[in-house]
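**Student:** The structure file final_7.cif (mmCIF, N, CA, C and O atoms and all ligand atoms) is provided below.
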```
data_model
#
loop_
_atom_site.label_atom_id
_atom_site.label_comp_id
_atom_site.auth_asym_id
_atom_site.auth_seq_id
_atom_site.Cartn_x
_atom_site.Cartn_y
_atom_site.Cartn_z
N MET A 26 -15.19 0.50 8.51
CA MET A 26 -14.01 0.81 9.31
C MET A 26 -13.05 1.63 8.47
O MET A 26 -12.77 1.31 7.33
N GLN A 27 -12.56 2.70 9.03
CA GLN A 27 -11.58 3.54 8.34
C GLN A 27 -10.26 3.50 9.09
O GLN A 27 -10.22 3.68 10.31
N ILE A 28 -9.21 3.25 8.36
CA ILE A 28 -7.88 3.17 8.96
C ILE A 28 -7.01 4.24 8.35
O ILE A 28 -6.96 4.39 7.13
N GLU A 29 -6.35 4.98 9.20
CA GLU A 29 -5.46 6.03 8.71
C GLU A 29 -4.04 5.51 8.62
O GLU A 29 -3.58 4.78 9.48
N CYS A 30 -3.36 5.95 7.58
CA CYS A 30 -1.94 5.63 7.44
C CYS A 30 -1.17 6.41 8.52
O CYS A 30 -1.34 7.61 8.64
N PRO A 31 -0.33 5.72 9.28
CA PRO A 31 0.42 6.42 10.33
C PRO A 31 1.50 7.35 9.77
O PRO A 31 2.02 8.18 10.50
N HIS A 32 1.79 7.22 8.50
CA HIS A 32 2.85 8.04 7.90
C HIS A 32 2.32 9.33 7.29
O HIS A 32 3.03 10.32 7.23
N CYS A 33 1.08 9.32 6.82
CA CYS A 33 0.56 10.53 6.17
C CYS A 33 -0.84 10.89 6.69
O CYS A 33 -1.39 11.91 6.26
N THR A 34 -1.41 10.06 7.55
CA THR A 34 -2.73 10.25 8.16
C THR A 34 -3.88 10.25 7.14
O THR A 34 -5.00 10.58 7.48
N LYS A 35 -3.59 9.87 5.91
CA LYS A 35 -4.67 9.72 4.93
C LYS A 35 -5.35 8.36 5.13
O LYS A 35 -4.72 7.42 5.62
N PRO A 36 -6.61 8.27 4.75
CA PRO A 36 -7.29 6.97 4.88
C PRO A 36 -6.64 5.92 3.98
O PRO A 36 -6.35 6.19 2.82
N MET A 37 -6.45 4.75 4.53
CA MET A 37 -5.93 3.65 3.72
C MET A 37 -7.10 2.99 3.00
O MET A 37 -8.23 3.03 3.46
N VAL A 38 -6.81 2.39 1.86
CA VAL A 38 -7.87 1.77 1.07
C VAL A 38 -7.70 0.25 1.09
O VAL A 38 -6.62 -0.27 1.32
N ARG A 39 -8.82 -0.42 0.84
CA ARG A 39 -8.76 -1.87 0.76
C ARG A 39 -8.18 -2.28 -0.59
O ARG A 39 -8.55 -1.75 -1.62
N TRP A 40 -7.30 -3.26 -0.53
CA TRP A 40 -6.60 -3.70 -1.74
C TRP A 40 -6.69 -5.23 -1.80
O TRP A 40 -6.34 -5.92 -0.84
N ALA A 41 -7.23 -5.72 -2.92
CA ALA A 41 -7.47 -7.16 -3.06
C ALA A 41 -6.16 -7.94 -3.11
O ALA A 41 -5.26 -7.61 -3.87
N ASN A 42 -6.06 -8.96 -2.30
CA ASN A 42 -4.86 -9.79 -2.30
C ASN A 42 -4.73 -10.54 -3.62
O ASN A 42 -5.73 -11.01 -4.17
N PRO A 43 -3.51 -10.66 -4.12
CA PRO A 43 -3.31 -11.48 -5.32
C PRO A 43 -3.73 -12.92 -5.06
O PRO A 43 -3.60 -13.42 -3.94
N GLN A 44 -4.21 -13.57 -6.11
CA GLN A 44 -4.71 -14.95 -5.98
C GLN A 44 -3.66 -15.88 -5.38
O GLN A 44 -3.96 -16.73 -4.57
N GLN A 45 -2.43 -15.73 -5.81
CA GLN A 45 -1.39 -16.69 -5.43
C GLN A 45 -0.64 -16.25 -4.18
O GLN A 45 0.39 -16.83 -3.85
N SER A 46 -1.13 -15.23 -3.51
CA SER A 46 -0.38 -14.74 -2.36
C SER A 46 -0.54 -15.66 -1.17
O SER A 46 -1.47 -16.47 -1.10
N THR A 47 0.36 -15.52 -0.23
CA THR A 47 0.29 -16.32 0.98
C THR A 47 -0.42 -15.57 2.10
O THR A 47 -0.52 -16.05 3.21
N TRP A 48 -0.90 -14.35 1.79
CA TRP A 48 -1.61 -13.59 2.81
C TRP A 48 -2.96 -14.24 3.07
O TRP A 48 -3.61 -14.77 2.17
N GLY A 49 -3.38 -14.17 4.29
CA GLY A 49 -4.54 -14.93 4.71
C GLY A 49 -5.87 -14.43 4.22
O GLY A 49 -6.68 -15.20 3.71
N GLY A 50 -6.13 -13.13 4.34
CA GLY A 50 -7.47 -12.62 4.06
C GLY A 50 -7.71 -12.35 2.60
O GLY A 50 -6.92 -12.69 1.73
N ASP A 51 -8.87 -11.72 2.32
CA ASP A 51 -9.21 -11.37 0.95
C ASP A 51 -8.58 -10.04 0.53
O ASP A 51 -8.43 -9.77 -0.64
N PHE A 52 -8.28 -9.22 1.51
CA PHE A 52 -7.75 -7.90 1.17
C PHE A 52 -6.87 -7.40 2.31
O PHE A 52 -6.88 -7.96 3.41
N GLN A 53 -6.14 -6.36 2.00
CA GLN A 53 -5.36 -5.67 3.01
C GLN A 53 -5.63 -4.19 2.89
O GLN A 53 -6.18 -3.74 1.89
N TYR A 54 -5.24 -3.46 3.90
CA TYR A 54 -5.31 -2.01 3.81
C TYR A 54 -3.96 -1.50 3.32
O TYR A 54 -2.92 -1.89 3.85
N VAL A 55 -4.01 -0.65 2.29
CA VAL A 55 -2.78 -0.10 1.72
C VAL A 55 -2.95 1.40 1.58
O VAL A 55 -4.02 1.89 1.21
N CYS A 56 -1.88 2.14 1.87
CA CYS A 56 -1.88 3.57 1.64
C CYS A 56 -1.47 3.85 0.20
O CYS A 56 -0.33 3.61 -0.16
N PHE A 57 -2.40 4.33 -0.60
CA PHE A 57 -2.09 4.64 -2.00
C PHE A 57 -1.95 6.15 -2.21
O PHE A 57 -2.11 6.63 -3.33
N ASN A 58 -1.66 6.88 -1.16
CA ASN A 58 -1.40 8.30 -1.29
C ASN A 58 -0.01 8.51 -1.92
O ASN A 58 1.00 8.09 -1.36
N ASP A 59 0.01 9.15 -3.09
CA ASP A 59 1.29 9.34 -3.79
C ASP A 59 2.21 10.32 -3.07
O ASP A 59 3.39 10.41 -3.39
N ASP A 60 1.68 11.07 -2.13
CA ASP A 60 2.49 12.02 -1.36
C ASP A 60 2.88 11.47 0.01
O ASP A 60 3.48 12.19 0.81
N CYS A 61 2.54 10.22 0.26
CA CYS A 61 2.88 9.63 1.56
C CYS A 61 4.39 9.59 1.73
O CYS A 61 5.11 9.11 0.85
N PRO A 62 4.92 10.09 2.84
CA PRO A 62 6.38 10.10 3.04
C PRO A 62 6.99 8.70 2.97
O PRO A 62 8.13 8.54 2.52
N TYR A 63 6.26 7.72 3.41
CA TYR A 63 6.75 6.33 3.36
C TYR A 63 7.01 5.91 1.92
O TYR A 63 8.03 5.30 1.60
N PHE A 64 6.07 6.27 1.04
CA PHE A 64 6.18 5.95 -0.38
C PHE A 64 7.23 6.84 -1.05
O PHE A 64 8.06 6.36 -1.83
N VAL A 65 7.22 8.13 -0.73
CA VAL A 65 8.12 9.09 -1.38
C VAL A 65 9.58 8.76 -1.09
O VAL A 65 10.41 8.70 -1.99
N ARG A 66 9.90 8.49 0.17
CA ARG A 66 11.30 8.25 0.47
C ARG A 66 11.75 6.84 0.06
O ARG A 66 12.93 6.56 -0.02
N GLY A 67 10.80 5.97 -0.21
CA GLY A 67 11.15 4.63 -0.66
C GLY A 67 11.94 4.62 -1.95
O GLY A 67 12.84 3.80 -2.14
N TRP A 68 11.60 5.53 -2.86
CA TRP A 68 12.31 5.58 -4.13
C TRP A 68 13.80 5.82 -3.91
O TRP A 68 14.65 5.10 -4.46
N ALA A 69 14.13 6.83 -3.12
CA ALA A 69 15.53 7.18 -2.89
C ALA A 69 16.24 6.07 -2.12
O ALA A 69 17.40 5.74 -2.40
N TRP A 70 15.54 5.48 -1.17
CA TRP A 70 16.17 4.43 -0.37
C TRP A 70 16.52 3.21 -1.22
O TRP A 70 17.62 2.69 -1.16
N MET A 71 15.58 2.78 -2.03
CA MET A 71 15.81 1.61 -2.87
C MET A 71 16.87 1.90 -3.93
O MET A 71 17.68 1.04 -4.25
N GLU A 72 16.86 3.13 -4.44
CA GLU A 72 17.86 3.52 -5.44
C GLU A 72 19.27 3.46 -4.84
O GLU A 72 20.19 2.91 -5.43
N SER A 73 19.42 3.99 -3.63
CA SER A 73 20.75 4.07 -3.04
C SER A 73 21.22 2.72 -2.52
O SER A 73 22.40 2.43 -2.49
N HIS A 74 20.29 1.88 -2.07
CA HIS A 74 20.69 0.60 -1.49
C HIS A 74 20.75 -0.52 -2.52
O HIS A 74 21.57 -1.43 -2.41
N TYR A 75 19.85 -0.48 -3.50
CA TYR A 75 19.79 -1.60 -4.45
C TYR A 75 19.90 -1.15 -5.90
O TYR A 75 19.87 -1.97 -6.80
N ASN A 76 19.98 0.17 -6.11
CA ASN A 76 20.10 0.71 -7.46
C ASN A 76 18.94 0.26 -8.35
O ASN A 76 19.14 -0.12 -9.50
N VAL A 77 17.76 0.24 -7.80
CA VAL A 77 16.57 -0.12 -8.57
C VAL A 77 15.51 0.96 -8.39
O VAL A 77 15.43 1.60 -7.33
N ALA A 78 14.73 1.17 -9.42
CA ALA A 78 13.70 2.20 -9.39
C ALA A 78 12.38 1.58 -8.94
O ALA A 78 11.47 1.34 -9.73
N VAL A 79 12.30 1.29 -7.67
CA VAL A 79 11.05 0.80 -7.10
C VAL A 79 10.84 1.51 -5.76
O VAL A 79 11.74 2.10 -5.20
N SER A 80 9.64 1.43 -5.27
CA SER A 80 9.35 1.93 -3.94
C SER A 80 8.37 0.95 -3.30
O SER A 80 8.20 -0.17 -3.78
N TYR A 81 7.74 1.38 -2.23
CA TYR A 81 6.79 0.51 -1.58
C TYR A 81 5.77 1.36 -0.86
O TYR A 81 6.01 2.51 -0.53
N ARG A 82 4.63 0.76 -0.68
CA ARG A 82 3.54 1.45 0.01
C ARG A 82 3.29 0.76 1.34
O ARG A 82 3.54 -0.43 1.49
N TYR A 83 2.77 1.54 2.26
CA TYR A 83 2.52 1.03 3.59
C TYR A 83 1.30 0.10 3.58
O TYR A 83 0.26 0.43 3.02
N ARG A 84 1.43 -1.05 4.20
CA ARG A 84 0.44 -2.11 4.10
C ARG A 84 0.08 -2.60 5.51
O ARG A 84 0.94 -2.71 6.37
N LEU A 85 -1.20 -2.87 5.69
CA LEU A 85 -1.67 -3.42 6.96
C LEU A 85 -2.57 -4.61 6.67
O LEU A 85 -3.55 -4.50 5.92
N ASP A 86 -2.22 -5.75 7.22
CA ASP A 86 -3.03 -6.96 7.06
C ASP A 86 -4.04 -7.02 8.20
O ASP A 86 -3.65 -7.22 9.35
N PRO A 87 -5.33 -6.85 7.90
CA PRO A 87 -6.32 -6.79 8.99
C PRO A 87 -6.54 -8.13 9.68
O PRO A 87 -7.12 -8.18 10.76
N THR A 88 -6.10 -9.23 9.07
CA THR A 88 -6.33 -10.53 9.70
C THR A 88 -5.43 -10.76 10.90
O THR A 88 -5.77 -11.50 11.81
N ASN A 89 -4.26 -10.13 10.91
CA ASN A 89 -3.35 -10.34 12.04
C ASN A 89 -2.67 -9.06 12.52
O ASN A 89 -1.83 -9.10 13.41
N GLY A 90 -3.03 -7.92 11.89
CA GLY A 90 -2.46 -6.65 12.33
C GLY A 90 -1.04 -6.43 11.86
O GLY A 90 -0.43 -5.43 12.24
N ALA A 91 -0.51 -7.32 11.04
CA ALA A 91 0.86 -7.17 10.57
C ALA A 91 0.96 -6.02 9.57
O ALA A 91 0.06 -5.82 8.76
N THR A 92 2.06 -5.29 9.65
CA THR A 92 2.28 -4.21 8.71
C THR A 92 3.61 -4.42 8.00
O THR A 92 4.47 -5.15 8.48
N GLY A 93 3.75 -3.78 6.85
CA GLY A 93 5.01 -3.90 6.14
C GLY A 93 4.93 -3.23 4.79
O GLY A 93 3.91 -2.65 4.44
N PRO A 94 6.01 -3.32 4.03
CA PRO A 94 6.05 -2.67 2.72
C PRO A 94 5.41 -3.52 1.63
O PRO A 94 5.55 -4.74 1.61
N LEU A 95 4.70 -2.86 0.74
CA LEU A 95 4.18 -3.50 -0.46
C LEU A 95 4.94 -2.91 -1.65
O LEU A 95 4.74 -1.75 -1.98
N PRO A 96 5.83 -3.68 -2.26
CA PRO A 96 6.67 -3.12 -3.33
C PRO A 96 5.86 -2.71 -4.55
O PRO A 96 4.95 -3.42 -4.96
N VAL A 97 6.20 -1.56 -5.11
CA VAL A 97 5.57 -1.08 -6.34
C VAL A 97 6.65 -0.52 -7.25
O VAL A 97 7.67 -0.02 -6.79
N TRP A 98 6.44 -0.62 -8.54
CA TRP A 98 7.43 -0.20 -9.52
C TRP A 98 7.03 1.10 -10.21
O TRP A 98 7.77 1.61 -11.03
N SER A 99 5.85 1.62 -9.89
CA SER A 99 5.43 2.90 -10.45
C SER A 99 4.32 3.45 -9.56
O SER A 99 3.78 2.74 -8.70
N LYS A 100 3.97 4.70 -9.81
CA LYS A 100 2.90 5.31 -9.01
C LYS A 100 1.58 4.60 -9.20
O LYS A 100 0.74 4.57 -8.30
N ASN A 101 1.36 4.06 -10.39
CA ASN A 101 0.07 3.44 -10.68
C ASN A 101 0.06 1.94 -10.46
O ASN A 101 -0.99 1.31 -10.58
N ALA A 102 1.22 1.38 -10.14
CA ALA A 102 1.28 -0.05 -9.96
C ALA A 102 0.33 -0.51 -8.86
O ALA A 102 0.21 0.14 -7.82
N LEU A 103 -0.36 -1.59 -9.12
CA LEU A 103 -1.24 -2.27 -8.16
C LEU A 103 -2.54 -1.52 -7.89
O LEU A 103 -3.42 -2.02 -7.19
N LYS A 104 -2.68 -0.34 -8.47
CA LYS A 104 -3.89 0.43 -8.18
C LYS A 104 -5.14 -0.22 -8.78
O LYS A 104 -6.25 0.07 -8.34
N ASN A 105 -4.95 -1.09 -9.77
CA ASN A 105 -6.13 -1.74 -10.35
C ASN A 105 -6.73 -2.79 -9.42
O ASN A 105 -7.79 -3.34 -9.70
N SER A 106 -6.05 -3.08 -8.32
CA SER A 106 -6.62 -4.03 -7.36
C SER A 106 -7.25 -3.34 -6.16
O SER A 106 -7.66 -4.00 -5.21
N ILE A 107 -7.34 -2.02 -6.21
CA ILE A 107 -8.00 -1.30 -5.13
C ILE A 107 -9.49 -1.64 -5.15
O ILE A 107 -10.12 -1.65 -6.21
N ILE A 108 -10.02 -1.95 -3.99
CA ILE A 108 -11.44 -2.24 -3.87
C ILE A 108 -12.16 -0.93 -3.59
O ILE A 108 -11.94 -0.30 -2.56
N LEU A 109 -12.97 -0.51 -4.56
CA LEU A 109 -13.64 0.78 -4.40
C LEU A 109 -14.67 0.69 -3.30
O LEU A 109 -15.43 -0.26 -3.19
N GLU A 110 -14.65 1.71 -2.48
CA GLU A 110 -15.59 1.76 -1.37
C GLU A 110 -17.00 2.06 -1.89
O GLU A 110 -17.17 2.72 -2.90
N GLU A 111 -17.97 1.56 -1.17
CA GLU A 111 -19.35 1.93 -1.48
C GLU A 111 -19.50 3.42 -1.19
O GLU A 111 -18.91 3.95 -0.26
N PRO A 112 -20.30 4.11 -1.99
CA PRO A 112 -20.52 5.52 -1.67
C PRO A 112 -21.17 5.65 -0.30
O PRO A 112 -22.07 4.86 0.02
N PRO A 113 -20.73 6.57 0.50
CA PRO A 113 -21.34 6.72 1.82
C PRO A 113 -22.80 7.15 1.73
O PRO A 113 -23.18 7.87 0.82
N ASP A 114 -23.60 6.68 2.64
CA ASP A 114 -24.99 7.08 2.68
C ASP A 114 -25.08 8.56 3.00
O ASP A 114 -24.50 9.02 3.97
N ALA A 115 -25.82 9.27 2.17
CA ALA A 115 -25.92 10.71 2.38
C ALA A 115 -26.89 11.00 3.52
O ALA A 115 -27.80 10.23 3.79
ZN ZN B 201 0.51 6.98 3.85
#
```
Let me see the structure of the file written as structure tokens.

**Tutor:**
Amino acid sequence: MQIECPHCTKPMVRWANPQQSTWGGDFQYVCFNDDCPYFVRGWAWMESHYNVAVSYRYRLDPTNGATGPLPVWSKNALKNSIILEEPPDA
């Protein structure tokens, strides 16, 4: 199944849920596109509202369809939990 980010239309990737999280499933879909407008404007929004250098990525929980922000503190934050897709069959 491929899910597109509604903000940048790039494919979202599966991201392993943290062990201690309260999210139900094993993974969620997250947009890790560094050019995603949702992610890009998050920096300025958080800076102006909370004076902190963080942003967030668009997140979709496939177990219940819930969406929301996944906070990140850098472009590479949380990327080590991305579940690499199997190579497509040629
Ligand atoms: Zn996106």

**Student:** For ligand ZN 201 (chain B), return the neighbouring residues as number ranges by chain (distance at most 5 Å; only N, CA, C and O atoms and all ligand atoms).

**Tutor:** A: 30, 32-33, 56, 61

**Student:** Counting only C-alpha atoms, which of A:Gln27, A:Ser99, A:Asn105, A:Asn42 gets nearest to Phe64 of chain A?

**Tutor:**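 Comparing A:Gln27, A:Ser99, A:Asn105, A:Asn42 against Phe64 of chain A, the winner is A:Ser99.
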
**Student:** Taking only segment 27-102 of chain A into account, list the residues labelled helix (DSSP H, G or I) by DSSP (computed from the backbone), as a list in words.

**Tutor:**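 These are the residues in question: Pro62, Tyr63, Phe64, Val65, Arg66, Gly67, Trp68, Ala69, Trp70, Met71, Glu72, Ser73, His74 and Tyr75 of chain A.
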
**Student:** Choose the residue, out of A:Ala41, A:Leu109, A:Val97, A:Leu103, that has the smallest atom-to-atom separation from Val65 of chain A; count only C-alpha atoms.

**Tutor:**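 Using only C-alpha atoms, the shortest distance to Val65 of chain A belongs to A:Val97.
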
**Student:** Residues near segment 49-51 of chain A, anyone? I mean within 8 Å using all atoms listed in the file, not counting same-chain ones fewer than 5 positions away, as number ranges by chain.

**Tutor:** A: 39-44, 86-89, 106

**Student:** Identify which of the residues A:Thr47, A:Thr34, A:Asn101, A:Asn58 lies closest to Arg82 of chain A, counting only N, CA, C and O atoms when measuring atom-to-atom distances.

**Tutor:**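 Smallest distance to Arg82 of chain A is found for A:Asn58.
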
**Student:** From the DSSP assignment of the backbone, select every residue of segment 35-105 of chain A that is strand (DSSP E), and format the answer as a PDB file with N, CA, C and O atoms, in the coordinates of the input.

**Tutor:**
```
ATOM      1  N   VAL A  38      -6.810   2.390   1.860  1.00  0.00           N
ATOM      2  CA  VAL A  38      -7.870   1.770   1.070  1.00  0.00           C
ATOM      3  C   VAL A  38      -7.700   0.250   1.090  1.00  0.00           C
ATOM      4  O   VAL A  38      -6.620  -0.270   1.320  1.00  0.00           O
ATOM      5  N   ARG A  39      -8.820  -0.420   0.840  1.00  0.00           N
ATOM      6  CA  ARG A  39      -8.760  -1.870   0.760  1.00  0.00           C
ATOM      7  C   ARG A  39      -8.180  -2.280  -0.590  1.00  0.00           C
ATOM      8  O   ARG A  39      -8.550  -1.750  -1.620  1.00  0.00           O
ATOM      9  N   TRP A  40      -7.300  -3.260  -0.530  1.00  0.00           N
ATOM     10  CA  TRP A  40      -6.600  -3.700  -1.740  1.00  0.00           C
ATOM     11  C   TRP A  40      -6.690  -5.230  -1.800  1.00  0.00           C
ATOM     12  O   TRP A  40      -6.340  -5.920  -0.840  1.00  0.00           O
ATOM     13  N   ALA A  41      -7.230  -5.720  -2.920  1.00  0.00           N
ATOM     14  CA  ALA A  41      -7.470  -7.160  -3.060  1.00  0.00           C
ATOM     15  C   ALA A  41      -6.160  -7.940  -3.110  1.00  0.00           C
ATOM     16  O   ALA A  41      -5.260  -7.610  -3.870  1.00  0.00           O
ATOM     17  N   PHE A  52      -8.280  -9.220   1.510  1.00  0.00           N
ATOM     18  CA  PHE A  52      -7.750  -7.900   1.170  1.00  0.00           C
ATOM     19  C   PHE A  52      -6.870  -7.400   2.310  1.00  0.00           C
ATOM     20  O   PHE A  52      -6.880  -7.960   3.410  1.00  0.00           O
ATOM     21  N   GLN A  53      -6.140  -6.360   2.000  1.00  0.00           N
ATOM     22  CA  GLN A  53      -5.360  -5.670   3.010  1.00  0.00           C
ATOM     23  C   GLN A  53      -5.630  -4.190   2.890  1.00  0.00           C
ATOM     24  O   GLN A  53      -6.180  -3.740   1.890  1.00  0.00           O
ATOM     25  N   TYR A  54      -5.240  -3.460   3.900  1.00  0.00           N
ATOM     26  CA  TYR A  54      -5.310  -2.010   3.810  1.00  0.00           C
ATOM     27  C   TYR A  54      -3.960  -1.500   3.320  1.00  0.00           C
ATOM     28  O   TYR A  54      -2.920  -1.890   3.850  1.00  0.00           O
ATOM     29  N   VAL A  55      -4.010  -0.650   2.290  1.00  0.00           N
ATOM     30  CA  VAL A  55      -2.780  -0.100   1.720  1.00  0.00           C
ATOM     31  C   VAL A  55      -2.950   1.400   1.580  1.00  0.00           C
ATOM     32  O   VAL A  55      -4.020   1.890   1.210  1.00  0.00           O
ATOM     33  N   SER A  80       9.640   1.430  -5.270  1.00  0.00           N
ATOM     34  CA  SER A  80       9.350   1.930  -3.940  1.00  0.00           C
ATOM     35  C   SER A  80       8.370   0.950  -3.300  1.00  0.00           C
ATOM     36  O   SER A  80       8.200  -0.170  -3.780  1.00  0.00           O
ATOM     37  N   TYR A  81       7.740   1.380  -2.230  1.00  0.00           N
ATOM     38  CA  TYR A  81       6.790   0.510  -1.580  1.00  0.00           C
ATOM     39  C   TYR A  81       5.770   1.360  -0.860  1.00  0.00           C
ATOM     40  O   TYR A  81       6.010   2.510  -0.530  1.00  0.00           O
ATOM     41  N   ARG A  82       4.630   0.760  -0.680  1.00  0.00           N
ATOM     42  CA  ARG A  82       3.540   1.450   0.010  1.00  0.00           C
ATOM     43  C   ARG A  82       3.290   0.760   1.340  1.00  0.00           C
ATOM     44  O   ARG A  82       3.540  -0.430   1.490  1.00  0.00           O
ATOM     45  N   TYR A  83       2.770   1.540   2.260  1.00  0.00           N
ATOM     46  CA  TYR A  83       2.520   1.030   3.590  1.00  0.00           C
ATOM     47  C   TYR A  83       1.300   0.100   3.580  1.00  0.00           C
ATOM     48  O   TYR A  83       0.260   0.430   3.020  1.00  0.00           O
ATOM     49  N   ARG A  84       1.430  -1.050   4.200  1.00  0.00           N
ATOM     50  CA  ARG A  84       0.440  -2.110   4.100  1.00  0.00           C
ATOM     51  C   ARG A  84       0.080  -2.600   5.510  1.00  0.00           C
ATOM     52  O   ARG A  84       0.940  -2.710   6.370  1.00  0.00           O
ATOM     53  N   LEU A  85      -1.200  -2.870   5.690  1.00  0.00           N
ATOM     54  CA  LEU A  85      -1.670  -3.420   6.960  1.00  0.00           C
ATOM     55  C   LEU A  85      -2.570  -4.610   6.670  1.00  0.00           C
ATOM     56  O   LEU A  85      -3.550  -4.500   5.920  1.00  0.00           O
ATOM     57  N   THR A  92       2.060  -5.290   9.650  1.00  0.00           N
ATOM     58  CA  THR A  92       2.280  -4.210   8.710  1.00  0.00           C
ATOM     59  C   THR A  92       3.610  -4.420   8.000  1.00  0.00           C
ATOM     60  O   THR A  92       4.470  -5.150   8.480  1.00  0.00           O
ATOM     61  N   GLY A  93       3.750  -3.780   6.850  1.00  0.00           N
ATOM     62  CA  GLY A  93       5.010  -3.900   6.140  1.00  0.00           C
ATOM     63  C   GLY A  93       4.930  -3.230   4.790  1.00  0.00           C
ATOM     64  O   GLY A  93       3.910  -2.650   4.440  1.00  0.00           O
ATOM     65  N   PRO A  94       6.010  -3.320   4.030  1.00  0.00           N
ATOM     66  CA  PRO A  94       6.050  -2.670   2.720  1.00  0.00           C
ATOM     67  C   PRO A  94       5.410  -3.520   1.630  1.00  0.00           C
ATOM     68  O   PRO A  94       5.550  -4.740   1.610  1.00  0.00           O
ATOM     69  N   LEU A  95       4.700  -2.860   0.740  1.00  0.00           N
ATOM     70  CA  LEU A  95       4.180  -3.500  -0.460  1.00  0.00           C
ATOM     71  C   LEU A  95       4.940  -2.910  -1.650  1.00  0.00           C
ATOM     72  O   LEU A  95       4.740  -1.750  -1.980  1.00  0.00           O
ATOM     73  N   PRO A  96       5.830  -3.680  -2.260  1.00  0.00           N
ATOM     74  CA  PRO A  96       6.670  -3.120  -3.330  1.00  0.00           C
ATOM     75  C   PRO A  96       5.860  -2.710  -4.550  1.00  0.00           C
ATOM     76  O   PRO A  96       4.950  -3.420  -4.960  1.00  0.00           O
ATOM     77  N   VAL A  97       6.200  -1.560  -5.110  1.00  0.00           N
ATOM     78  CA  VAL A  97       5.570  -1.080  -6.340  1.00  0.00           C
ATOM     79  C   VAL A  97       6.650  -0.520  -7.250  1.00  0.00           C
ATOM     80  O   VAL A  97       7.670  -0.020  -6.790  1.00  0.00           O
TER      81      VAL A  97
END
```

**Student:** By how many Å are atom O of Val79 of chain A and atom N of Ile28 of chain A apart?

**Tutor:**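 So the answer is 25.0 Å.
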
**Student:** Using the incomplete input, complete segment 88-93 of chain A to the level of all heavy atoms; output as a PDB file, in the frame of the given file.

**Tutor:**
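For reference, result-v9.pdb as written:
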```pdb
ATOM      1  N   THR A  88      -6.100  -9.230   9.070  1.00  0.00           N
ATOM      2  CA  THR A  88      -6.330 -10.530   9.700  1.00  0.00           C
ATOM      3  C   THR A  88      -5.430 -10.760  10.900  1.00  0.00           C
ATOM      4  O   THR A  88      -5.770 -11.500  11.810  1.00  0.00           O
ATOM      5  CB  THR A  88      -6.125 -11.686   8.694  1.00  0.00           C
ATOM      6  OG1 THR A  88      -4.770 -11.666   8.231  1.00  0.00           O
ATOM      7  CG2 THR A  88      -7.081 -11.556   7.518  1.00  0.00           C
ATOM      8  N   ASN A  89      -4.260 -10.130  10.910  1.00  0.00           N
ATOM      9  CA  ASN A  89      -3.350 -10.340  12.040  1.00  0.00           C
ATOM     10  C   ASN A  89      -2.670  -9.060  12.520  1.00  0.00           C
ATOM     11  O   ASN A  89      -1.830  -9.100  13.410  1.00  0.00           O
ATOM     12  CB  ASN A  89      -2.292 -11.394  11.681  1.00  0.00           C
ATOM     13  CG  ASN A  89      -1.491 -10.999  10.451  1.00  0.00           C
ATOM     14  OD1 ASN A  89      -1.566  -9.861  10.000  1.00  0.00           O
ATOM     15  ND2 ASN A  89      -0.744 -11.931   9.910  1.00  0.00           N
ATOM     16  N   GLY A  90      -3.030  -7.920  11.890  1.00  0.00           N
ATOM     17  CA  GLY A  90      -2.460  -6.650  12.330  1.00  0.00           C
ATOM     18  C   GLY A  90      -1.040  -6.430  11.860  1.00  0.00           C
ATOM     19  O   GLY A  90      -0.430  -5.430  12.240  1.00  0.00           O
ATOM     20  N   ALA A  91      -0.510  -7.320  11.040  1.00  0.00           N
ATOM     21  CA  ALA A  91       0.860  -7.170  10.570  1.00  0.00           C
ATOM     22  C   ALA A  91       0.960  -6.020   9.570  1.00  0.00           C
ATOM     23  O   ALA A  91       0.060  -5.820   8.760  1.00  0.00           O
ATOM     24  CB  ALA A  91       1.355  -8.453   9.918  1.00  0.00           C
ATOM     25  N   THR A  92       2.060  -5.290   9.650  1.00  0.00           N
ATOM     26  CA  THR A  92       2.280  -4.210   8.710  1.00  0.00           C
ATOM     27  C   THR A  92       3.610  -4.420   8.000  1.00  0.00           C
ATOM     28  O   THR A  92       4.470  -5.150   8.480  1.00  0.00           O
ATOM     29  CB  THR A  92       2.319  -2.845   9.413  1.00  0.00           C
ATOM     30  OG1 THR A  92       3.408  -2.840  10.332  1.00  0.00           O
ATOM     31  CG2 THR A  92       1.028  -2.573  10.145  1.00  0.00           C
ATOM     32  N   GLY A  93       3.750  -3.780   6.850  1.00  0.00           N
ATOM     33  CA  GLY A  93       5.010  -3.900   6.140  1.00  0.00           C
ATOM     34  C   GLY A  93       4.930  -3.230   4.790  1.00  0.00           C
ATOM     35  O   GLY A  93       3.910  -2.650   4.440  1.00  0.00           O
TER      36      GLY A  93
END
```
